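Okay, model_35.pdb now, which holds PDB, N, CA and C atoms, pLDDT in the B column:
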```
ATOM      1  N   MET I1191     -19.053   5.663   3.738  1.00 52.00           N
ATOM      2  CA  MET I1191     -19.423   7.034   3.963  1.00 52.00           C
ATOM      3  C   MET I1191     -18.140   7.856   4.088  1.00 52.00           C
ATOM      4  N   PRO I1192     -17.981   8.887   3.274  1.00 56.00           N
ATOM      5  CA  PRO I1192     -16.761   9.697   3.339  1.00 56.00           C
ATOM      6  C   PRO I1192     -16.693  10.495   4.628  1.00 56.00           C
ATOM      7  N   ILE I1193     -15.494  10.673   5.104  1.00 60.00           N
ATOM      8  CA  ILE I1193     -15.277  11.448   6.321  1.00 60.00           C
ATOM      9  C   ILE I1193     -15.108  12.907   5.930  1.00 60.00           C
ATOM     10  N   PRO I1194     -15.927  13.797   6.482  1.00 60.00           N
ATOM     11  CA  PRO I1194     -15.805  15.211   6.104  1.00 60.00           C
ATOM     12  C   PRO I1194     -14.469  15.788   6.551  1.00 60.00           C
ATOM     13  N   GLY I1195     -13.933  16.671   5.729  1.00 55.00           N
ATOM     14  CA  GLY I1195     -12.683  17.336   6.076  1.00 55.00           C
ATOM     15  C   GLY I1195     -11.460  16.732   5.429  1.00 55.00           C
ATOM     16  N   ARG I1196     -11.547  15.527   4.939  1.00 61.00           N
ATOM     17  CA  ARG I1196     -10.383  14.892   4.336  1.00 61.00           C
ATOM     18  C   ARG I1196     -10.208  15.291   2.882  1.00 61.00           C
ATOM     19  N   VAL I1197     -11.283  15.524   2.176  1.00 65.00           N
ATOM     20  CA  VAL I1197     -11.185  15.857   0.759  1.00 65.00           C
ATOM     21  C   VAL I1197     -10.470  17.186   0.560  1.00 65.00           C
ATOM     22  N   PRO I1198     -10.820  18.256   1.278  1.00 75.00           N
ATOM     23  CA  PRO I1198     -10.089  19.510   1.079  1.00 75.00           C
ATOM     24  C   PRO I1198      -8.600  19.378   1.403  1.00 75.00           C
ATOM     25  N   LEU I1199      -8.270  18.600   2.418  1.00 79.00           N
ATOM     26  CA  LEU I1199      -6.863  18.423   2.765  1.00 79.00           C
ATOM     27  C   LEU I1199      -6.134  17.674   1.650  1.00 79.00           C
ATOM     28  N   ALA I1200      -6.786  16.674   1.064  1.00 79.00           N
ATOM     29  CA  ALA I1200      -6.174  15.934  -0.043  1.00 79.00           C
ATOM     30  C   ALA I1200      -5.987  16.846  -1.251  1.00 79.00           C
ATOM     31  N   LEU I1201      -6.962  17.695  -1.517  1.00 85.00           N
ATOM     32  CA  LEU I1201      -6.826  18.637  -2.632  1.00 85.00           C
ATOM     33  C   LEU I1201      -5.703  19.632  -2.378  1.00 85.00           C
ATOM     34  N   LEU I1202      -5.566  20.066  -1.136  1.00 86.00           N
ATOM     35  CA  LEU I1202      -4.482  20.984  -0.790  1.00 86.00           C
ATOM     36  C   LEU I1202      -3.125  20.303  -0.956  1.00 86.00           C
ATOM     37  N   ASP I1203      -3.040  19.041  -0.560  1.00 86.00           N
ATOM     38  CA  ASP I1203      -1.791  18.287  -0.746  1.00 86.00           C
ATOM     39  C   ASP I1203      -1.463  18.131  -2.229  1.00 86.00           C
ATOM     40  N   ALA I1204      -2.482  17.813  -3.038  1.00 87.00           N
ATOM     41  CA  ALA I1204      -2.260  17.663  -4.478  1.00 87.00           C
ATOM     42  C   ALA I1204      -1.824  18.983  -5.105  1.00 87.00           C
ATOM     43  N   LEU I1205      -2.405  20.080  -4.664  1.00 90.00           N
ATOM     44  CA  LEU I1205      -2.020  21.392  -5.170  1.00 90.00           C
ATOM     45  C   LEU I1205      -0.571  21.715  -4.798  1.00 90.00           C
ATOM     46  N   ALA I1206      -0.203  21.434  -3.557  1.00 91.00           N
ATOM     47  CA  ALA I1206       1.168  21.701  -3.114  1.00 91.00           C
ATOM     48  C   ALA I1206       2.164  20.837  -3.897  1.00 91.00           C
ATOM     49  N   ALA I1207       1.818  19.572  -4.113  1.00 91.00           N
ATOM     50  CA  ALA I1207       2.709  18.689  -4.879  1.00 91.00           C
ATOM     51  C   ALA I1207       2.833  19.179  -6.317  1.00 91.00           C
ATOM     52  N   GLY I1208       1.726  19.609  -6.913  1.00 91.00           N
ATOM     53  CA  GLY I1208       1.764  20.123  -8.281  1.00 91.00           C
ATOM     54  C   GLY I1208       2.596  21.383  -8.400  1.00 91.00           C
ATOM     55  N   LEU I1209       2.449  22.279  -7.430  1.00 93.00           N
ATOM     56  CA  LEU I1209       3.256  23.508  -7.447  1.00 93.00           C
ATOM     57  C   LEU I1209       4.740  23.190  -7.284  1.00 93.00           C
ATOM     58  N   GLY I1210       5.044  22.271  -6.396  1.00 92.00           N
ATOM     59  CA  GLY I1210       6.442  21.883  -6.191  1.00 92.00           C
ATOM     60  C   GLY I1210       7.047  21.246  -7.427  1.00 92.00           C
ATOM     61  N   LEU I1211       6.288  20.356  -8.059  1.00 89.00           N
ATOM     62  CA  LEU I1211       6.798  19.721  -9.282  1.00 89.00           C
ATOM     63  C   LEU I1211       6.936  20.729 -10.416  1.00 89.00           C
ATOM     64  N   GLY I1212       6.005  21.671 -10.494  1.00 91.00           N
ATOM     65  CA  GLY I1212       6.112  22.714 -11.510  1.00 91.00           C
ATOM     66  C   GLY I1212       7.344  23.577 -11.315  1.00 91.00           C
ATOM     67  N   TYR I1213       7.630  23.920 -10.067  1.00 93.00           N
ATOM     68  CA  TYR I1213       8.828  24.708  -9.768  1.00 93.00           C
ATOM     69  C   TYR I1213      10.086  23.936 -10.143  1.00 93.00           C
ATOM     70  N   LEU I1214      10.146  22.647  -9.747  1.00 89.00           N
ATOM     71  CA  LEU I1214      11.321  21.845 -10.073  1.00 89.00           C
ATOM     72  C   LEU I1214      11.481  21.669 -11.579  1.00 89.00           C
ATOM     73  N   ALA I1215      10.374  21.516 -12.299  1.00 87.00           N
ATOM     74  CA  ALA I1215      10.450  21.380 -13.754  1.00 87.00           C
ATOM     75  C   ALA I1215      10.974  22.664 -14.391  1.00 87.00           C
ATOM     76  N   ARG I1216      10.610  23.792 -13.828  1.00 89.00           N
ATOM     77  CA  ARG I1216      11.095  25.064 -14.391  1.00 89.00           C
ATOM     78  C   ARG I1216      12.578  25.252 -14.109  1.00 89.00           C
ATOM     79  N   VAL I1217      12.995  24.927 -12.894  1.00 90.00           N
ATOM     80  CA  VAL I1217      14.394  25.105 -12.511  1.00 90.00           C
ATOM     81  C   VAL I1217      15.293  24.152 -13.294  1.00 90.00           C
ATOM     82  N   TYR I1218      14.862  22.895 -13.450  1.00 87.00           N
ATOM     83  CA  TYR I1218      15.693  21.892 -14.097  1.00 87.00           C
ATOM     84  C   TYR I1218      15.204  21.583 -15.522  1.00 87.00           C
ATOM     85  N   ARG I1219      14.738  22.603 -16.225  1.00 88.00           N
ATOM     86  CA  ARG I1219      14.185  22.436 -17.570  1.00 88.00           C
ATOM     87  C   ARG I1219      15.207  21.828 -18.530  1.00 88.00           C
ATOM     88  N   ASP I1220      16.435  22.297 -18.526  1.00 87.00           N
ATOM     89  CA  ASP I1220      17.454  21.767 -19.441  1.00 87.00           C
ATOM     90  C   ASP I1220      17.743  20.291 -19.172  1.00 87.00           C
ATOM     91  N   THR I1221      17.804  19.927 -17.917  1.00 82.00           N
ATOM     92  CA  THR I1221      18.049  18.526 -17.565  1.00 82.00           C
ATOM     93  C   THR I1221      16.884  17.654 -18.008  1.00 82.00           C
ATOM     94  N   LEU I1222      15.685  18.144 -17.815  1.00 79.00           N
ATOM     95  CA  LEU I1222      14.508  17.368 -18.217  1.00 79.00           C
ATOM     96  C   LEU I1222      14.455  17.165 -19.729  1.00 79.00           C
ATOM     97  N   ILE I1223      14.816  18.190 -20.465  1.00 83.00           N
ATOM     98  CA  ILE I1223      14.776  18.083 -21.923  1.00 83.00           C
ATOM     99  C   ILE I1223      15.874  17.155 -22.431  1.00 83.00           C
ATOM    100  N   SER I1224      17.080  17.263 -21.863  1.00 87.00           N
ATOM    101  CA  SER I1224      18.185  16.448 -22.363  1.00 87.00           C
ATOM    102  C   SER I1224      18.089  14.987 -21.920  1.00 87.00           C
ATOM    103  N   HIS I1225      17.439  14.710 -20.792  1.00 87.00           N
ATOM    104  CA  HIS I1225      17.339  13.333 -20.281  1.00 87.00           C
ATOM    105  C   HIS I1225      15.890  12.861 -20.214  1.00 87.00           C
ATOM    106  N   GLY I1226      15.068  13.348 -21.096  1.00 82.00           N
ATOM    107  CA  GLY I1226      13.642  13.017 -21.085  1.00 82.00           C
ATOM    108  C   GLY I1226      13.332  11.534 -21.186  1.00 82.00           C
ATOM    109  N   PRO I1227      13.920  10.829 -22.179  1.00 88.00           N
ATOM    110  CA  PRO I1227      13.597   9.393 -22.286  1.00 88.00           C
ATOM    111  C   PRO I1227      14.012   8.583 -21.058  1.00 88.00           C
ATOM    112  N   VAL I1228      15.154   8.895 -20.500  1.00 89.00           N
ATOM    113  CA  VAL I1228      15.619   8.166 -19.313  1.00 89.00           C
ATOM    114  C   VAL I1228      14.682   8.425 -18.139  1.00 89.00           C
ATOM    115  N   LEU I1229      14.270   9.666 -17.954  1.00 83.00           N
ATOM    116  CA  LEU I1229      13.361   9.994 -16.866  1.00 83.00           C
ATOM    117  C   LEU I1229      11.990   9.352 -17.072  1.00 83.00           C
ATOM    118  N   SER I1230      11.542   9.281 -18.315  1.00 88.00           N
ATOM    119  CA  SER I1230      10.249   8.643 -18.595  1.00 88.00           C
ATOM    120  C   SER I1230      10.294   7.158 -18.262  1.00 88.00           C
ATOM    121  N   ILE I1231      11.355   6.486 -18.670  1.00 93.00           N
ATOM    122  CA  ILE I1231      11.485   5.054 -18.370  1.00 93.00           C
ATOM    123  C   ILE I1231      11.597   4.848 -16.858  1.00 93.00           C
ATOM    124  N   ALA I1232      12.343   5.708 -16.184  1.00 92.00           N
ATOM    125  CA  ALA I1232      12.472   5.598 -14.727  1.00 92.00           C
ATOM    126  C   ALA I1232      11.125   5.799 -14.046  1.00 92.00           C
ATOM    127  N   ALA I1233      10.322   6.732 -14.535  1.00 91.00           N
ATOM    128  CA  ALA I1233       9.000   6.967 -13.946  1.00 91.00           C
ATOM    129  C   ALA I1233       8.102   5.743 -14.129  1.00 91.00           C
ATOM    130  N   VAL I1234       8.164   5.107 -15.303  1.00 94.00           N
ATOM    131  CA  VAL I1234       7.355   3.904 -15.541  1.00 94.00           C
ATOM    132  C   VAL I1234       7.812   2.768 -14.630  1.00 94.00           C
ATOM    133  N   VAL I1235       9.124   2.616 -14.466  1.00 95.00           N
ATOM    134  CA  VAL I1235       9.648   1.558 -13.603  1.00 95.00           C
ATOM    135  C   VAL I1235       9.243   1.798 -12.155  1.00 95.00           C
ATOM    136  N   VAL I1236       9.328   3.029 -11.694  1.00 95.00           N
ATOM    137  CA  VAL I1236       8.938   3.347 -10.314  1.00 95.00           C
ATOM    138  C   VAL I1236       7.450   3.071 -10.115  1.00 95.00           C
ATOM    139  N   ALA I1237       6.619   3.457 -11.077  1.00 95.00           N
ATOM    140  CA  ALA I1237       5.181   3.194 -10.971  1.00 95.00           C
ATOM    141  C   ALA I1237       4.907   1.688 -10.934  1.00 95.00           C
ATOM    142  N   ALA I1238       5.626   0.926 -11.751  1.00 95.00           N
ATOM    143  CA  ALA I1238       5.442  -0.530 -11.762  1.00 95.00           C
ATOM    144  C   ALA I1238       5.854  -1.149 -10.428  1.00 95.00           C
ATOM    145  N   VAL I1239       6.942  -0.679  -9.854  1.00 96.00           N
ATOM    146  CA  VAL I1239       7.386  -1.198  -8.558  1.00 96.00           C
ATOM    147  C   VAL I1239       6.358  -0.892  -7.477  1.00 96.00           C
ATOM    148  N   ILE I1240       5.792   0.298  -7.511  1.00 95.00           N
ATOM    149  CA  ILE I1240       4.785   0.669  -6.515  1.00 95.00           C
ATOM    150  C   ILE I1240       3.543  -0.207  -6.666  1.00 95.00           C
ATOM    151  N   VAL I1241       3.096  -0.421  -7.895  1.00 95.00           N
ATOM    152  CA  VAL I1241       1.915  -1.258  -8.120  1.00 95.00           C
ATOM    153  C   VAL I1241       2.187  -2.697  -7.684  1.00 95.00           C
ATOM    154  N   MET I1242       3.348  -3.231  -8.018  1.00 95.00           N
ATOM    155  CA  MET I1242       3.668  -4.605  -7.634  1.00 95.00           C
ATOM    156  C   MET I1242       3.788  -4.749  -6.117  1.00 95.00           C
ATOM    157  N   ALA I1243       4.370  -3.769  -5.457  1.00 95.00           N
ATOM    158  CA  ALA I1243       4.476  -3.820  -4.001  1.00 95.00           C
ATOM    159  C   ALA I1243       3.089  -3.780  -3.364  1.00 95.00           C
ATOM    160  N   TYR I1244       2.209  -2.950  -3.898  1.00 95.00           N
ATOM    161  CA  TYR I1244       0.851  -2.861  -3.353  1.00 95.00           C
ATOM    162  C   TYR I1244       0.095  -4.176  -3.561  1.00 95.00           C
ATOM    163  N   ARG I1245       0.216  -4.753  -4.755  1.00 95.00           N
ATOM    164  CA  ARG I1245      -0.460  -6.022  -5.009  1.00 95.00           C
ATOM    165  C   ARG I1245       0.126  -7.147  -4.157  1.00 95.00           C
ATOM    166  N   GLY I1246       1.421  -7.131  -3.960  1.00 93.00           N
ATOM    167  CA  GLY I1246       2.034  -8.124  -3.079  1.00 93.00           C
ATOM    168  C   GLY I1246       1.548  -7.988  -1.652  1.00 93.00           C
ATOM    169  N   TYR I1247       1.440  -6.762  -1.191  1.00 93.00           N
ATOM    170  CA  TYR I1247       0.939  -6.500   0.158  1.00 93.00           C
ATOM    171  C   TYR I1247      -0.495  -7.000   0.295  1.00 93.00           C
ATOM    172  N   ARG I1248      -1.334  -6.716  -0.709  1.00 93.00           N
ATOM    173  CA  ARG I1248      -2.725  -7.172  -0.657  1.00 93.00           C
ATOM    174  C   ARG I1248      -2.796  -8.695  -0.687  1.00 93.00           C
ATOM    175  N   GLY I1249      -1.951  -9.324  -1.485  1.00 92.00           N
ATOM    176  CA  GLY I1249      -1.934 -10.784  -1.547  1.00 92.00           C
ATOM    177  C   GLY I1249      -1.522 -11.408  -0.231  1.00 92.00           C
ATOM    178  N   LEU I1250      -0.512 -10.839   0.403  1.00 92.00           N
ATOM    179  CA  LEU I1250      -0.073 -11.359   1.700  1.00 92.00           C
ATOM    180  C   LEU I1250      -1.135 -11.148   2.772  1.00 92.00           C
ATOM    181  N   ARG I1251      -1.806 -10.005   2.732  1.00 92.00           N
ATOM    182  CA  ARG I1251      -2.883  -9.760   3.705  1.00 92.00           C
ATOM    183  C   ARG I1251      -4.026 -10.749   3.514  1.00 92.00           C
ATOM    184  N   SER I1252      -4.362 -11.016   2.261  1.00 91.00           N
ATOM    185  CA  SER I1252      -5.434 -11.970   1.964  1.00 91.00           C
ATOM    186  C   SER I1252      -5.049 -13.369   2.431  1.00 91.00           C
ATOM    187  N   ALA I1253      -3.824 -13.773   2.153  1.00 91.00           N
ATOM    188  CA  ALA I1253      -3.362 -15.099   2.578  1.00 91.00           C
ATOM    189  C   ALA I1253      -3.340 -15.193   4.096  1.00 91.00           C
ATOM    190  N   ASN I1254      -2.954 -14.112   4.769  1.00 90.00           N
ATOM    191  CA  ASN I1254      -2.914 -14.112   6.221  1.00 90.00           C
ATOM    192  C   ASN I1254      -4.310 -14.256   6.800  1.00 90.00           C
ATOM    193  N   SER I1255      -5.285 -13.568   6.216  1.00 89.00           N
ATOM    194  CA  SER I1255      -6.644 -13.682   6.742  1.00 89.00           C
ATOM    195  C   SER I1255      -7.209 -15.069   6.478  1.00 89.00           C
ATOM    196  N   ARG I1256      -6.903 -15.670   5.306  1.00 89.00           N
ATOM    197  CA  ARG I1256      -7.365 -17.034   5.039  1.00 89.00           C
ATOM    198  C   ARG I1256      -6.720 -18.026   5.994  1.00 89.00           C
ATOM    199  N   LEU I1257      -5.433 -17.853   6.249  1.00 88.00           N
ATOM    200  CA  LEU I1257      -4.735 -18.738   7.174  1.00 88.00           C
ATOM    201  C   LEU I1257      -5.311 -18.603   8.575  1.00 88.00           C
ATOM    202  N   GLY I1258      -5.608 -17.374   8.973  1.00 88.00           N
ATOM    203  CA  GLY I1258      -6.226 -17.152  10.279  1.00 88.00           C
ATOM    204  C   GLY I1258      -7.585 -17.824  10.380  1.00 88.00           C
ATOM    205  N   ALA I1259      -8.373 -17.780   9.298  1.00 87.00           N
ATOM    206  CA  ALA I1259      -9.682 -18.429   9.307  1.00 87.00           C
ATOM    207  C   ALA I1259      -9.535 -19.946   9.397  1.00 87.00           C
ATOM    208  N   ILE I1260      -8.555 -20.504   8.697  1.00 86.00           N
ATOM    209  CA  ILE I1260      -8.336 -21.957   8.750  1.00 86.00           C
ATOM    210  C   ILE I1260      -7.918 -22.374  10.150  1.00 86.00           C
ATOM    211  N   ILE I1261      -7.006 -21.633  10.744  1.00 86.00           N
ATOM    212  CA  ILE I1261      -6.539 -21.974  12.100  1.00 86.00           C
ATOM    213  C   ILE I1261      -7.682 -21.841  13.099  1.00 86.00           C
ATOM    214  N   ALA I1262      -8.485 -20.788  12.994  1.00 84.00           N
ATOM    215  CA  ALA I1262      -9.614 -20.619  13.908  1.00 84.00           C
ATOM    216  C   ALA I1262     -10.618 -21.750  13.743  1.00 84.00           C
ATOM    217  N   ASP I1263     -10.854 -22.191  12.509  1.00 83.00           N
ATOM    218  CA  ASP I1263     -11.778 -23.287  12.266  1.00 83.00           C
ATOM    219  C   ASP I1263     -11.245 -24.585  12.860  1.00 83.00           C
ATOM    220  N   GLU I1264      -9.969 -24.841  12.688  1.00 80.00           N
ATOM    221  CA  GLU I1264      -9.379 -26.071  13.240  1.00 80.00           C
ATOM    222  C   GLU I1264      -9.388 -26.055  14.764  1.00 80.00           C
ATOM    223  N   LEU I1265      -9.111 -24.906  15.352  1.00 80.00           N
ATOM    224  CA  LEU I1265      -9.099 -24.837  16.812  1.00 80.00           C
ATOM    225  C   LEU I1265     -10.500 -24.963  17.395  1.00 80.00           C
ATOM    226  N   SER I1266     -11.508 -24.517  16.675  1.00 78.00           N
ATOM    227  CA  SER I1266     -12.872 -24.613  17.198  1.00 78.00           C
ATOM    228  C   SER I1266     -13.393 -26.042  17.127  1.00 78.00           C
ATOM    229  N   ARG I1267     -12.815 -26.894  16.292  1.00 72.00           N
ATOM    230  CA  ARG I1267     -13.253 -28.282  16.169  1.00 72.00           C
ATOM    231  C   ARG I1267     -12.689 -29.184  17.261  1.00 72.00           C
ATOM    232  N   ARG I1268     -11.698 -28.713  17.976  1.00 66.00           N
ATOM    233  CA  ARG I1268     -11.070 -29.553  18.996  1.00 66.00           C
ATOM    234  C   ARG I1268     -12.064 -29.852  20.110  1.00 66.00           C
ATOM    235  N   LYS I1269     -12.069 -31.093  20.544  1.00 68.00           N
ATOM    236  CA  LYS I1269     -12.935 -31.490  21.647  1.00 68.00           C
ATOM    237  C   LYS I1269     -12.300 -31.033  22.964  1.00 68.00           C
ATOM    238  N   PRO I1270     -13.127 -30.604  23.886  1.00 66.00           N
ATOM    239  CA  PRO I1270     -12.557 -30.234  25.183  1.00 66.00           C
ATOM    240  C   PRO I1270     -11.979 -31.453  25.885  1.00 66.00           C
ATOM    241  N   SER I1271     -10.995 -31.249  26.712  1.00 67.00           N
ATOM    242  CA  SER I1271     -10.392 -32.399  27.412  1.00 67.00           C
ATOM    243  C   SER I1271     -11.372 -32.917  28.442  1.00 67.00           C
ATOM    244  N   PRO I1272     -11.355 -34.216  28.690  1.00 71.00           N
ATOM    245  CA  PRO I1272     -12.316 -34.777  29.641  1.00 71.00           C
ATOM    246  C   PRO I1272     -12.056 -34.337  31.075  1.00 71.00           C
ATOM    247  N   ARG I1273     -10.808 -34.058  31.383  1.00 73.00           N
ATOM    248  CA  ARG I1273     -10.491 -33.612  32.750  1.00 73.00           C
ATOM    249  C   ARG I1273      -9.959 -32.185  32.681  1.00 73.00           C
ATOM    250  N   PRO I1274     -10.463 -31.321  33.524  1.00 69.00           N
ATOM    251  CA  PRO I1274      -9.913 -29.968  33.546  1.00 69.00           C
ATOM    252  C   PRO I1274      -8.480 -29.945  34.067  1.00 69.00           C
ATOM    253  N   ARG I1275      -7.689 -29.068  33.557  1.00 67.00           N
ATOM    254  CA  ARG I1275      -6.304 -28.935  34.013  1.00 67.00           C
ATOM    255  C   ARG I1275      -6.259 -28.132  35.292  1.00 67.00           C
ATOM    256  N   ARG I1276      -5.271 -28.445  36.108  1.00 65.00           N
ATOM    257  CA  ARG I1276      -5.099 -27.682  37.347  1.00 65.00           C
ATOM    258  C   ARG I1276      -4.028 -26.683  37.208  1.00 65.00           C
TER     259      ARG I1276
END
```
What does the file become when written as structure tokens?
Amino acid sequence: MPIPGRVPLALLDALAAGLGLGYLARVYRDTLISHGPVLSIAAVVVAAVIVMAYRGYRGLRSANSRLGAIIADELSRRKPSPRPRR
């Protein structure tokens, strides 16, 4: 169920980011035109790094939850000690 109030804020953030990028593109138009291929390759590399980091994070979280389930299962199988500890 979506939380009310978050969508307009996200749209406002996207609008602000778009306006900022548009301003920077206008100011640095000559640089963008002369170094277009380098910037395009850099953008693809940055996107790939972000995707790989996210997938790595998800993989580690999944492994951690599986490990936690295995440890909880093993600990629940232990027999109680015959004598209580003091």
Checklist entry - How would you write, as a ChimeraX atom specification, the set of residues in chain I that DSSP gives as alpha helix (DSSP H)? => result /I:1196-1217,1219-1224,1226-1267
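Interatomic distance, atom C of Ile1223 (chain I) to atom C of Leu1211 (chain I): 15.4 Å.
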Next on the checklist: I'd like the interatomic distance between CA of Arg1219 (chain I) and CA of Leu1201 (chain I), to a tenth of an Å.
Outcome noted: 26.1 Å
Item to check | d(atom C of Arg1267 (chain I), atom C of Ser1252 (chain I)) in Å | outcome: 23.0 Å
Step by step, gather every atom of region 1228-1235 of chain I that the file lists, find the box along x, y and z that holds them, add 4 Å on each side, and finally give centre and edge lengths in Å to one decimal, as AutoDock Vina command-line options.
```
--center_x 11.5 --center_y 5.8 --center_z -16.3 --size_x 16.3 --size_y 16.4 --size_z 16.3
```
